[in-house]
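*Asks:* Structure supplied as query_37.pdb; contents: PDB, C-alpha atoms.
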ATOM      1  CA  MET A   1    -162.106 -90.816 -28.180
ATOM      2  CA  SER A   2    -162.748 -91.874 -31.752
ATOM      3  CA  LEU A   3    -163.777 -89.269 -34.295
ATOM      4  CA  LEU A   4    -167.175 -89.173 -35.989
ATOM      5  CA  SER A   5    -167.493 -90.652 -39.456
ATOM      6  CA  ALA A   6    -170.290 -88.316 -40.598
ATOM      7  CA  HIS A   7    -172.250 -85.166 -39.793
ATOM      8  CA  THR A   8    -175.343 -86.335 -41.692
ATOM      9  CA  PRO A   9    -176.605 -89.869 -42.390
ATOM     10  CA  ASP A  10    -176.878 -89.802 -46.172
ATOM     11  CA  LEU A  11    -175.113 -86.844 -47.782
ATOM     12  CA  ILE A  12    -171.742 -87.137 -49.521
ATOM     13  CA  GLU A  13    -169.565 -85.085 -47.192
ATOM     14  CA  ALA A  14    -166.151 -83.581 -47.874
ATOM     15  CA  GLY A  15    -163.985 -82.550 -44.941
ATOM     16  CA  LEU A  16    -161.890 -79.412 -45.502
ATOM     17  CA  ASP A  17    -158.873 -78.055 -43.657
ATOM     18  CA  GLU A  18    -155.769 -75.997 -44.342
ATOM     19  CA  ALA A  19    -152.162 -75.744 -43.181
ATOM     20  CA  GLY A  20    -149.708 -72.884 -43.073
ATOM     21  CA  ARG A  21    -151.827 -69.855 -42.197
ATOM     22  CA  GLY A  22    -149.397 -68.630 -39.565
ATOM     23  CA  CYS A  23    -146.218 -69.140 -41.593
ATOM     24  CA  LEU A  24    -143.932 -66.346 -42.775
ATOM     25  CA  ALA A  25    -143.278 -67.918 -46.173
ATOM     26  CA  GLY A  26    -144.736 -70.341 -48.665
ATOM     27  CA  PRO A  27    -148.316 -71.085 -49.642
ATOM     28  CA  VAL A  28    -151.380 -71.929 -47.637
ATOM     29  CA  VAL A  29    -152.289 -75.515 -48.518
ATOM     30  CA  ALA A  30    -155.810 -76.920 -48.225
ATOM     31  CA  ALA A  31    -157.200 -80.402 -48.666
ATOM     32  CA  ALA A  32    -160.626 -81.928 -49.173
ATOM     33  CA  VAL A  33    -161.409 -85.566 -48.331
ATOM     34  CA  ILE A  34    -164.489 -87.702 -48.939
ATOM     35  CA  PHE A  35    -164.596 -91.017 -47.074
ATOM     36  CA  PRO A  36    -167.032 -93.891 -47.554
ATOM     37  CA  LYS A  37    -170.053 -93.817 -45.240
ATOM     38  CA  ASN A  38    -169.396 -95.388 -41.822
ATOM     39  CA  TYR A  39    -165.640 -95.144 -42.369
ATOM     40  CA  THR A  40    -163.598 -95.730 -39.228
ATOM     41  CA  HIS A  41    -159.938 -95.407 -38.377
ATOM     42  CA  PRO A  42    -158.372 -96.130 -34.980
ATOM     43  CA  HIS A  43    -155.519 -93.585 -35.180
ATOM     44  CA  LEU A  44    -156.706 -90.737 -37.400
ATOM     45  CA  THR A  45    -156.984 -87.440 -35.530
ATOM     46  CA  ASP A  46    -156.070 -83.758 -35.812
ATOM     47  CA  SER A  47    -152.675 -83.552 -37.545
ATOM     48  CA  LYS A  48    -151.310 -81.297 -34.781
ATOM     49  CA  GLN A  49    -151.636 -84.223 -32.352
ATOM     50  CA  LEU A  50    -149.550 -86.529 -34.560
ATOM     51  CA  SER A  51    -145.837 -86.886 -35.170
ATOM     52  CA  ARG A  52    -144.461 -86.306 -38.653
ATOM     53  CA  ALA A  53    -143.938 -90.064 -39.109
ATOM     54  CA  GLU A  54    -147.535 -90.754 -38.028
ATOM     55  CA  ARG A  55    -148.870 -88.123 -40.439
ATOM     56  CA  ASN A  56    -146.852 -89.555 -43.327
ATOM     57  CA  ALA A  57    -148.099 -93.079 -42.605
ATOM     58  CA  LEU A  58    -151.698 -91.864 -42.321
ATOM     59  CA  ARG A  59    -151.392 -89.942 -45.588
ATOM     60  CA  ILE A  60    -150.888 -93.233 -47.447
ATOM     61  CA  GLU A  61    -153.938 -94.778 -45.744
ATOM     62  CA  ILE A  62    -156.122 -91.711 -46.345
ATOM     63  CA  GLU A  63    -155.242 -91.586 -50.032
ATOM     64  CA  ARG A  64    -155.930 -95.335 -50.283
ATOM     65  CA  ASP A  65    -159.251 -95.304 -48.389
ATOM     66  CA  ALA A  66    -160.851 -92.038 -49.557
ATOM     67  CA  ILE A  67    -163.525 -92.062 -52.231
ATOM     68  CA  ALA A  68    -161.973 -88.788 -53.371
ATOM     69  CA  PHE A  69    -159.349 -86.361 -52.113
ATOM     70  CA  ALA A  70    -157.638 -83.246 -53.429
ATOM     71  CA  VAL A  71    -154.947 -80.804 -52.321
ATOM     72  CA  ALA A  72    -154.643 -77.188 -53.493
ATOM     73  CA  GLU A  73    -152.691 -74.049 -52.578
ATOM     74  CA  THR A  74    -152.695 -70.302 -52.656
ATOM     75  CA  SER A  75    -149.318 -68.679 -53.154
ATOM     76  CA  ASN A  76    -147.552 -66.224 -50.885
ATOM     77  CA  THR A  77    -148.239 -63.467 -53.449
ATOM     78  CA  GLU A  78    -151.966 -64.287 -53.403
ATOM     79  CA  ILE A  79    -151.860 -64.205 -49.588
ATOM     80  CA  ASP A  80    -150.308 -60.725 -49.775
ATOM     81  CA  GLN A  81    -153.005 -59.574 -52.208
ATOM     82  CA  ILE A  82    -156.156 -60.918 -50.524
ATOM     83  CA  ASN A  83    -155.007 -61.656 -46.894
ATOM     84  CA  VAL A  84    -154.391 -65.034 -45.325
ATOM     85  CA  LEU A  85    -158.002 -65.785 -44.320
ATOM     86  CA  ASN A  86    -159.303 -65.206 -47.850
ATOM     87  CA  ALA A  87    -156.337 -67.143 -49.243
ATOM     88  CA  SER A  88    -157.150 -70.081 -46.947
ATOM     89  CA  ILE A  89    -160.767 -70.113 -48.119
ATOM     90  CA  LEU A  90    -159.645 -69.832 -51.751
ATOM     91  CA  ALA A  91    -157.303 -72.819 -51.298
ATOM     92  CA  MET A  92    -160.199 -74.826 -49.832
ATOM     93  CA  HIS A  93    -162.419 -73.863 -52.784
ATOM     94  CA  ARG A  94    -159.660 -74.953 -55.165
ATOM     95  CA  ALA A  95    -159.396 -78.313 -53.370
ATOM     96  CA  VAL A  96    -163.168 -78.848 -53.751
ATOM     97  CA  ASP A  97    -162.864 -77.876 -57.442
ATOM     98  CA  LYS A  98    -160.381 -80.729 -57.913
ATOM     99  CA  LEU A  99    -162.446 -83.484 -56.246
ATOM    100  CA  ALA A 100    -163.399 -86.325 -58.591
ATOM    101  CA  VAL A 101    -166.694 -86.746 -56.704
ATOM    102  CA  VAL A 102    -169.082 -83.829 -56.172
ATOM    103  CA  PRO A 103    -169.844 -83.439 -52.454
ATOM    104  CA  GLN A 104    -173.301 -82.588 -51.124
ATOM    105  CA  LEU A 105    -172.023 -80.999 -47.900
ATOM    106  CA  LEU A 106    -168.716 -79.393 -46.949
ATOM    107  CA  LEU A 107    -167.477 -79.828 -43.380
ATOM    108  CA  VAL A 108    -165.075 -76.931 -42.783
ATOM    109  CA  ASP A 109    -162.618 -76.787 -39.900
ATOM    110  CA  GLY A 110    -162.951 -73.492 -38.041
ATOM    111  CA  ASN A 111    -165.553 -70.760 -37.955
ATOM    112  CA  ARG A 112    -165.021 -68.824 -41.210
ATOM    113  CA  PHE A 113    -165.829 -69.821 -44.776
ATOM    114  CA  ARG A 114    -167.227 -68.265 -47.928
ATOM    115  CA  PRO A 115    -170.022 -70.341 -49.494
ATOM    116  CA  TYR A 116    -168.914 -72.650 -52.265
ATOM    117  CA  PRO A 117    -171.272 -72.530 -55.275
ATOM    118  CA  PHE A 118    -174.245 -74.893 -54.981
ATOM    119  CA  VAL A 119    -172.829 -76.927 -52.067
ATOM    120  CA  PRO A 120    -173.945 -76.155 -48.498
ATOM    121  CA  HIS A 121    -171.341 -76.082 -45.753
ATOM    122  CA  ALA A 122    -171.039 -76.370 -41.993
ATOM    123  CA  CYS A 123    -168.236 -74.660 -40.081
ATOM    124  CA  ILE A 124    -167.052 -76.753 -37.154
ATOM    125  CA  VAL A 125    -164.686 -75.335 -34.561
ATOM    126  CA  LYS A 126    -162.109 -78.016 -33.707
ATOM    127  CA  GLY A 127    -163.562 -80.012 -36.587
ATOM    128  CA  ASP A 128    -160.207 -81.721 -37.130
ATOM    129  CA  ALA A 129    -160.632 -83.287 -33.675
ATOM    130  CA  THR A 130    -164.303 -84.155 -34.322
ATOM    131  CA  TYR A 131    -164.748 -85.580 -37.830
ATOM    132  CA  LEU A 132    -162.563 -88.117 -39.618
ATOM    133  CA  SER A 133    -162.851 -86.383 -42.994
ATOM    134  CA  ILE A 134    -161.643 -83.046 -41.568
ATOM    135  CA  ALA A 135    -158.838 -84.769 -39.653
ATOM    136  CA  ALA A 136    -157.822 -86.481 -42.895
ATOM    137  CA  ALA A 137    -157.857 -83.147 -44.730
ATOM    138  CA  SER A 138    -155.640 -81.674 -41.997
ATOM    139  CA  VAL A 139    -153.157 -84.542 -42.438
ATOM    140  CA  LEU A 140    -153.050 -84.203 -46.235
ATOM    141  CA  ALA A 141    -152.693 -80.410 -46.109
ATOM    142  CA  LYS A 142    -149.934 -80.569 -43.488
ATOM    143  CA  THR A 143    -147.918 -83.365 -45.144
ATOM    144  CA  HIS A 144    -148.190 -81.773 -48.586
ATOM    145  CA  ARG A 145    -147.051 -78.407 -47.208
ATOM    146  CA  ASP A 146    -144.205 -79.914 -45.164
ATOM    147  CA  ASP A 147    -142.921 -81.714 -48.271
ATOM    148  CA  LEU A 148    -143.134 -78.504 -50.284
ATOM    149  CA  MET A 149    -141.244 -76.463 -47.674
ATOM    150  CA  GLU A 150    -138.608 -79.176 -47.449
ATOM    151  CA  ARG A 151    -138.033 -78.897 -51.216
ATOM    152  CA  LEU A 152    -137.879 -75.080 -51.009
ATOM    153  CA  ALA A 153    -135.374 -75.376 -48.145
ATOM    154  CA  GLN A 154    -132.899 -76.986 -50.552
ATOM    155  CA  ASP A 155    -132.794 -73.730 -52.538
ATOM    156  CA  PHE A 156    -132.992 -71.498 -49.453
ATOM    157  CA  PRO A 157    -131.053 -73.423 -46.776
ATOM    158  CA  HIS A 158    -130.546 -70.571 -44.276
ATOM    159  CA  TYR A 159    -134.155 -70.406 -43.042
ATOM    160  CA  GLY A 160    -134.606 -73.900 -41.590
ATOM    161  CA  TRP A 161    -137.816 -74.564 -43.503
ATOM    162  CA  GLN A 162    -137.134 -78.310 -43.510
ATOM    163  CA  THR A 163    -137.744 -78.247 -39.734
ATOM    164  CA  ASN A 164    -139.791 -75.093 -39.027
ATOM    165  CA  ALA A 165    -141.968 -75.233 -42.201
ATOM    166  CA  ALA A 166    -141.573 -71.402 -42.331
ATOM    167  CA  TYR A 167    -143.355 -70.796 -39.035
ATOM    168  CA  PRO A 168    -142.142 -67.726 -37.109
ATOM    169  CA  THR A 169    -139.365 -69.226 -35.018
ATOM    170  CA  ALA A 170    -136.460 -67.261 -33.526
ATOM    171  CA  ALA A 171    -134.097 -68.978 -35.970
ATOM    172  CA  HIS A 172    -136.308 -68.049 -38.934
ATOM    173  CA  TYR A 173    -136.391 -64.377 -37.859
ATOM    174  CA  ALA A 174    -132.612 -64.429 -37.341
ATOM    175  CA  ALA A 175    -132.111 -65.852 -40.842
ATOM    176  CA  ILE A 176    -134.290 -63.101 -42.341
ATOM    177  CA  LEU A 177    -132.179 -60.523 -40.515
ATOM    178  CA  ALA A 178    -128.925 -62.102 -41.725
ATOM    179  CA  HIS A 179    -129.907 -63.100 -45.282
ATOM    180  CA  GLY A 180    -132.952 -60.989 -46.165
ATOM    181  CA  ILE A 181    -136.240 -62.210 -47.552
ATOM    182  CA  THR A 182    -136.814 -64.715 -50.340
ATOM    183  CA  PRO A 183    -139.352 -64.671 -53.189
ATOM    184  CA  HIS A 184    -141.412 -67.063 -51.024
ATOM    185  CA  HIS A 185    -141.820 -64.768 -48.020
ATOM    186  CA  ARG A 186    -145.181 -63.131 -47.324
ATOM    187  CA  LEU A 187    -144.558 -59.408 -47.495
ATOM    188  CA  SER A 188    -147.817 -58.606 -45.691
ATOM    189  CA  PHE A 189    -146.568 -60.473 -42.586
ATOM    190  CA  ARG A 190    -144.270 -59.067 -39.906
ATOM    191  CA  LEU A 191    -140.903 -60.442 -41.031
ATOM    192  CA  LYS A 192    -138.595 -58.705 -38.509
TER     193      LYS A 192
END
Now, as a test, write the supplied structure out as C-alpha cells.
*Replies:*
Amino acid sequence: MSLLSAHTPDLIEAGLDEAGRGCLAGPVVAAAVIFPKNYTHPHLTDSKQLSRAERNALRIEIERDAIAFAVAETSNTEIDQINVLNASILAMHRAVDKLAVVPQLLLVDGNRFRPYPFVPHACIVKGDATYLSIAAASVLAKTHRDDLMERLAQDFPHYGWQTNAAYPTAAHYAAILAHGITPHHRLSFRLK
C-alpha cells in the first residue's frame, strides 16, 4: 500500500519522527521533512521495514526531493535530565527550528507531542507507515543516528554500537558489565 502524500490539501506540512528512544547510549535524533504537494515515492515507508542499504539509498532521494529537511538531536545528558519522551519532543522541536521553510502543520509520528509555537500539529499513531513525510523523517533520523553510533563505536569498540546502535542487546549489557559505562550512556536507563 502506498503512503499518503498529505494530510491536508493546501497546507505546508512537515513530517516529524525520531530514532533512538529505547537505546542505552547516545542521543535521540529527530528529523523534519517537507515534501512538495502530491509527492509520491514507490518504496518509501517506515524505516523499521527497510534494510540499512535501503534506508541509505532513500536518504539520498529524500534529501534531493524534499523542499526542506532538518535533523537535530538531544544528548544522553539531556535525556537523563528531562526524560526520554521530553528529549524526543525537544529534538523534534529543534529539527523544526532548523527547517529552511516554515511549515503550517506538523505531522508527528506517535501520540505525544508538546505544541510547537505558532504551528498546529497532528499526532498520528503509526504515522511513519501512513504519510510519506513522516516515513522520510523516520529514515533521516535513523540513518543519521546509525552513522553517529558507528563513529562513536570507533572510540568505544567493546559495545557493538556499529551493529546494535546502542539498543539493549545481550552483548551490549555484557560489554557494560565487562567494561563499565561510557560518557555516552544514559544514566537514567537500566544499564545492568
*Asks:* Out of A:His179, A:Lys37, A:Arg59, A:Arg52, which residue has the shortest atom-to-atom distance to Ala165 in chain A when counting all atoms listed in the file?
*Replies:*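 For Ala165 in chain A, the nearest of the candidates is A:Arg52.
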*Asks:* For CA of Glu18 in chain A and CA of Ala141 in chain A, quote the distance in Å rounded to one decimal.
*Replies:*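 Between CA of Glu18 in chain A and CA of Ala141 in chain A the gap is 5.7 Å.
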*Asks:* Any chance you could work out the residue set of the PyMOL selection byres ((chain A and resi 112) around 9) here, as a list of chain:residue names?
*Replies:*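 In the shown coordinates, the PyMOL selection byres ((chain A and resi 112) around 9) covers A:Leu85, A:Ile89, A:Val108, A:Asp109, A:Gly110, A:Asn111, A:Phe113, A:Arg114, A:Cys123.
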*Asks:* In Å to one decimal, how far is CA of Ala68 in chain A from CA of Ala137 in chain A?
*Replies:*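 Distance between the two atoms: 11.1 Å.
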*Asks:* Of the candidates A:Leu107, A:Thr8, A:Ala25, A:Arg55, which one gets nearest to Asp128 in chain A if we count all atoms listed in the file?
*Replies:*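 Counting all atoms listed in the file, the residue closest to Asp128 in chain A is A:Leu107.
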*Asks:* Which residues match the PyMOL selection byres ((chain A and resi 70) around 8) in the file above, as a PyMOL selection string?
*Replies:* chain A and resi 31-33+68-69+71-72+95-96+98-99
*Asks:* At what distance in Å, to one decimal, does CA of Phe118 in chain A lie from CA of Asp10 in chain A?
*Replies:*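 Calculated distance between CA of Asp10 in chain A and CA of Phe118 in chain A is 17.5 Å.
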*Asks:* Taking into account all atoms listed in the file, which residue in the set A:Thr182, A:Ser75, A:Ser133, A:Gln154 is nearest to Ser47 in chain A?
*Replies:*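 Ranking A:Thr182, A:Ser75, A:Ser133, A:Gln154 by distance to Ser47 in chain A, first place goes to A:Ser133.
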*Asks:* Identify the residues within 9 Å of coordinate (-148.4, -72.7, -48.9) (same frame as the file), considering all atoms listed in the file, and give the answer as a list in words.
*Replies:*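 Looking at atoms near the point gives Ala19, Gly20, Arg21, Cys23, Ala25, Gly26, Pro27, Val28, Val29, Ala30, Ala72, Glu73, Thr74, Ser75, Asn76, Arg145, Leu148 and Met149 of chain A.
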*Asks:* Mind dumping the selected residues with C-alpha atoms as a compact mmCIF listing (two decimals), in the frame of the given file?
*Replies:*
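So the final result, stored in again.txt, reads:
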# COMPACT_ATOMS: atom_id res chain seq x y z
CA ALA A 19 -152.16 -75.74 -43.18
CA GLY A 20 -149.71 -72.88 -43.07
CA ARG A 21 -151.83 -69.86 -42.20
CA CYS A 23 -146.22 -69.14 -41.59
CA ALA A 25 -143.28 -67.92 -46.17
CA GLY A 26 -144.74 -70.34 -48.66
CA PRO A 27 -148.32 -71.08 -49.64
CA VAL A 28 -151.38 -71.93 -47.64
CA VAL A 29 -152.29 -75.52 -48.52
CA ALA A 30 -155.81 -76.92 -48.22
CA ALA A 72 -154.64 -77.19 -53.49
CA GLU A 73 -152.69 -74.05 -52.58
CA THR A 74 -152.70 -70.30 -52.66
CA SER A 75 -149.32 -68.68 -53.15
CA ASN A 76 -147.55 -66.22 -50.88
CA ARG A 145 -147.05 -78.41 -47.21
CA LEU A 148 -143.13 -78.50 -50.28
CA MET A 149 -141.24 -76.46 -47.67
*Asks:* Kindly resolve the PyMOL selection byres ((chain A and resi 169) around 12) on the present coordinates and return the residues as a ChimeraX atom specification.
*Replies:* /A:22-25,159-161,163-168,170-176,191-192
*Asks:* Point out the residue among A:Pro36, A:His144, A:Arg151, A:Leu132 with the least atom-to-atom distance to Ile67 in chain A, counting only C-alpha atoms.
*Replies:* A:Pro36
*Asks:* So which one's closest to Thr143 in chain A, A:Leu16, A:Ala100, A:Ala6, A:Ala57? Using all atoms listed in the file, please.
*Replies:*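 Between A:Leu16, A:Ala100, A:Ala6, A:Ala57, the residue approaching Thr143 in chain A most closely is A:Ala57.
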*Asks:* Given the choices A:Leu58, A:Ala91, A:Leu106, A:Val139, which gets closest to Ile79 in chain A if the distance is worked out from all atoms listed in the file?
*Replies:*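 Closest to Ile79 in chain A of all the choices is A:Ala91.
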*Asks:* Write out as a CSV table (one decimal) with C-alpha atoms, in the coordinates of the input which residues come within 10 Å of Gln81 in chain A when counting all atoms listed in the file, dropping same-chain ones fewer than 5 positions away.
*Replies:*
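Once everything was written out, this is around.csv:
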chain,number,residue,atom,x,y,z
A,75,SER,CA,-149.3,-68.7,-53.2
A,76,ASN,CA,-147.6,-66.2,-50.9
A,86,ASN,CA,-159.3,-65.2,-47.8
A,87,ALA,CA,-156.3,-67.1,-49.2
A,186,ARG,CA,-145.2,-63.1,-47.3
A,187,LEU,CA,-144.6,-59.4,-47.5
A,188,SER,CA,-147.8,-58.6,-45.7
*Asks:* So for range 30-46 of chain A, what box centre and size do we get, axis-aligned, 4 Å extra on each of the six sides, every listed atom, Å to one decimal, as AutoDock Vina command-line options?
*Replies:*
--center_x -162.8 --center_y -86.5 --center_z -42.1 --size_x 22.5 --size_y 27.2 --size_z 22.2
*Asks:* Using the structure just given, write a file holding N, CA and C atoms for range 14-44 of chain A, as a PDB file, in the first residue's frame.
*Replies:*
ATOM      1  N   ALA A  14       5.052  19.448   7.529  1.00  0.00           N
ATOM      2  CA  ALA A  14       6.340  18.831   7.858  1.00  0.00           C
ATOM      3  C   ALA A  14       6.068  17.552   8.632  1.00  0.00           C
ATOM      4  N   GLY A  15       6.613  16.447   8.155  1.00  0.00           N
ATOM      5  CA  GLY A  15       6.546  15.193   8.895  1.00  0.00           C
ATOM      6  C   GLY A  15       7.669  15.132   9.905  1.00  0.00           C
ATOM      7  N   LEU A  16       7.368  14.630  11.117  1.00  0.00           N
ATOM      8  CA  LEU A  16       8.357  14.551  12.190  1.00  0.00           C
ATOM      9  C   LEU A  16       8.422  13.134  12.740  1.00  0.00           C
ATOM     10  N   ASP A  17       9.641  12.663  12.991  1.00  0.00           N
ATOM     11  CA  ASP A  17       9.829  11.385  13.660  1.00  0.00           C
ATOM     12  C   ASP A  17      11.188  11.393  14.341  1.00  0.00           C
ATOM     13  N   GLU A  18      11.386  10.403  15.213  1.00  0.00           N
ATOM     14  CA  GLU A  18      12.648  10.320  15.953  1.00  0.00           C
ATOM     15  C   GLU A  18      13.173   8.894  15.909  1.00  0.00           C
ATOM     16  N   ALA A  19      14.437   8.747  16.300  1.00  0.00           N
ATOM     17  CA  ALA A  19      15.071   7.429  16.395  1.00  0.00           C
ATOM     18  C   ALA A  19      15.921   7.393  17.654  1.00  0.00           C
ATOM     19  N   GLY A  20      15.952   6.234  18.288  1.00  0.00           N
ATOM     20  CA  GLY A  20      16.857   6.029  19.405  1.00  0.00           C
ATOM     21  C   GLY A  20      16.266   6.187  20.785  1.00  0.00           C
ATOM     22  N   ARG A  21      14.947   6.222  20.906  1.00  0.00           N
ATOM     23  CA  ARG A  21      14.354   6.392  22.240  1.00  0.00           C
ATOM     24  C   ARG A  21      14.703   5.241  23.177  1.00  0.00           C
ATOM     25  N   GLY A  22      14.716   4.031  22.651  1.00  0.00           N
ATOM     26  CA  GLY A  22      14.927   2.869  23.502  1.00  0.00           C
ATOM     27  C   GLY A  22      16.377   2.472  23.707  1.00  0.00           C
ATOM     28  N   CYS A  23      17.305   3.260  23.226  1.00  0.00           N
ATOM     29  CA  CYS A  23      18.726   2.915  23.304  1.00  0.00           C
ATOM     30  C   CYS A  23      19.295   3.195  24.690  1.00  0.00           C
ATOM     31  N   LEU A  24      20.392   2.520  25.011  1.00  0.00           N
ATOM     32  CA  LEU A  24      21.053   2.701  26.298  1.00  0.00           C
ATOM     33  C   LEU A  24      22.098   3.812  26.268  1.00  0.00           C
ATOM     34  N   ALA A  25      22.478   4.232  25.070  1.00  0.00           N
ATOM     35  CA  ALA A  25      23.523   5.248  24.934  1.00  0.00           C
ATOM     36  C   ALA A  25      23.250   6.107  23.709  1.00  0.00           C
ATOM     37  N   GLY A  26      23.913   7.256  23.689  1.00  0.00           N
ATOM     38  CA  GLY A  26      23.798   8.143  22.537  1.00  0.00           C
ATOM     39  C   GLY A  26      22.578   9.035  22.607  1.00  0.00           C
ATOM     40  N   PRO A  27      22.441   9.911  21.615  1.00  0.00           N
ATOM     41  CA  PRO A  27      21.343  10.867  21.600  1.00  0.00           C
ATOM     42  C   PRO A  27      20.056  10.258  21.047  1.00  0.00           C
ATOM     43  N   VAL A  28      18.964  10.981  21.259  1.00  0.00           N
ATOM     44  CA  VAL A  28      17.763  10.784  20.458  1.00  0.00           C
ATOM     45  C   VAL A  28      17.917  11.726  19.270  1.00  0.00           C
ATOM     46  N   VAL A  29      17.634  11.232  18.077  1.00  0.00           N
ATOM     47  CA  VAL A  29      17.751  12.027  16.864  1.00  0.00           C
ATOM     48  C   VAL A  29      16.364  12.175  16.245  1.00  0.00           C
ATOM     49  N   ALA A  30      16.020  13.387  15.860  1.00  0.00           N
ATOM     50  CA  ALA A  30      14.732  13.643  15.212  1.00  0.00           C
ATOM     51  C   ALA A  30      14.969  14.301  13.864  1.00  0.00           C
ATOM     52  N   ALA A  31      14.000  14.120  12.979  1.00  0.00           N
ATOM     53  CA  ALA A  31      14.072  14.766  11.668  1.00  0.00           C
ATOM     54  C   ALA A  31      12.714  15.354  11.318  1.00  0.00           C
ATOM     55  N   ALA A  32      12.762  16.373  10.489  1.00  0.00           N
ATOM     56  CA  ALA A  32      11.564  17.010   9.939  1.00  0.00           C
ATOM     57  C   ALA A  32      11.742  17.084   8.425  1.00  0.00           C
ATOM     58  N   VAL A  33      10.683  16.737   7.688  1.00  0.00           N
ATOM     59  CA  VAL A  33      10.757  16.724   6.222  1.00  0.00           C
ATOM     60  C   VAL A  33       9.512  17.373   5.637  1.00  0.00           C
ATOM     61  N   ILE A  34       9.737  18.273   4.691  1.00  0.00           N
ATOM     62  CA  ILE A  34       8.645  18.874   3.913  1.00  0.00           C
ATOM     63  C   ILE A  34       8.829  18.458   2.464  1.00  0.00           C
ATOM     64  N   PHE A  35       7.826  17.761   1.920  1.00  0.00           N
ATOM     65  CA  PHE A  35       7.845  17.361   0.515  1.00  0.00           C
ATOM     66  C   PHE A  35       6.964  18.297  -0.313  1.00  0.00           C
ATOM     67  N   PRO A  36       7.199  18.333  -1.628  1.00  0.00           N
ATOM     68  CA  PRO A  36       6.272  19.066  -2.492  1.00  0.00           C
ATOM     69  C   PRO A  36       4.875  18.434  -2.419  1.00  0.00           C
ATOM     70  N   LYS A  37       3.856  19.229  -2.692  1.00  0.00           N
ATOM     71  CA  LYS A  37       2.491  18.696  -2.730  1.00  0.00           C
ATOM     72  C   LYS A  37       2.397  17.596  -3.790  1.00  0.00           C
ATOM     73  N   ASN A  38       1.606  16.592  -3.510  1.00  0.00           N
ATOM     74  CA  ASN A  38       1.378  15.453  -4.411  1.00  0.00           C
ATOM     75  C   ASN A  38       2.639  14.632  -4.667  1.00  0.00           C
ATOM     76  N   TYR A  39       3.609  14.731  -3.767  1.00  0.00           N
ATOM     77  CA  TYR A  39       4.826  13.933  -3.888  1.00  0.00           C
ATOM     78  C   TYR A  39       4.473  12.447  -3.773  1.00  0.00           C
ATOM     79  N   THR A  40       5.131  11.637  -4.579  1.00  0.00           N
ATOM     80  CA  THR A  40       4.951  10.190  -4.481  1.00  0.00           C
ATOM     81  C   THR A  40       6.321   9.522  -4.480  1.00  0.00           C
ATOM     82  N   HIS A  41       6.355   8.325  -3.922  1.00  0.00           N
ATOM     83  CA  HIS A  41       7.576   7.533  -3.953  1.00  0.00           C
ATOM     84  C   HIS A  41       7.179   6.069  -3.823  1.00  0.00           C
ATOM     85  N   PRO A  42       7.638   5.211  -4.728  1.00  0.00           N
ATOM     86  CA  PRO A  42       7.173   3.825  -4.726  1.00  0.00           C
ATOM     87  C   PRO A  42       7.717   2.968  -3.588  1.00  0.00           C
ATOM     88  N   HIS A  43       8.833   3.363  -2.963  1.00  0.00           N
ATOM     89  CA  HIS A  43       9.485   2.478  -1.987  1.00  0.00           C
ATOM     90  C   HIS A  43       9.582   3.058  -0.580  1.00  0.00           C
ATOM     91  N   LEU A  44       9.255   4.333  -0.423  1.00  0.00           N
ATOM     92  CA  LEU A  44       9.414   4.978   0.875  1.00  0.00           C
ATOM     93  C   LEU A  44       8.354   4.473   1.849  1.00  0.00           C
TER      94      LEU A  44
END
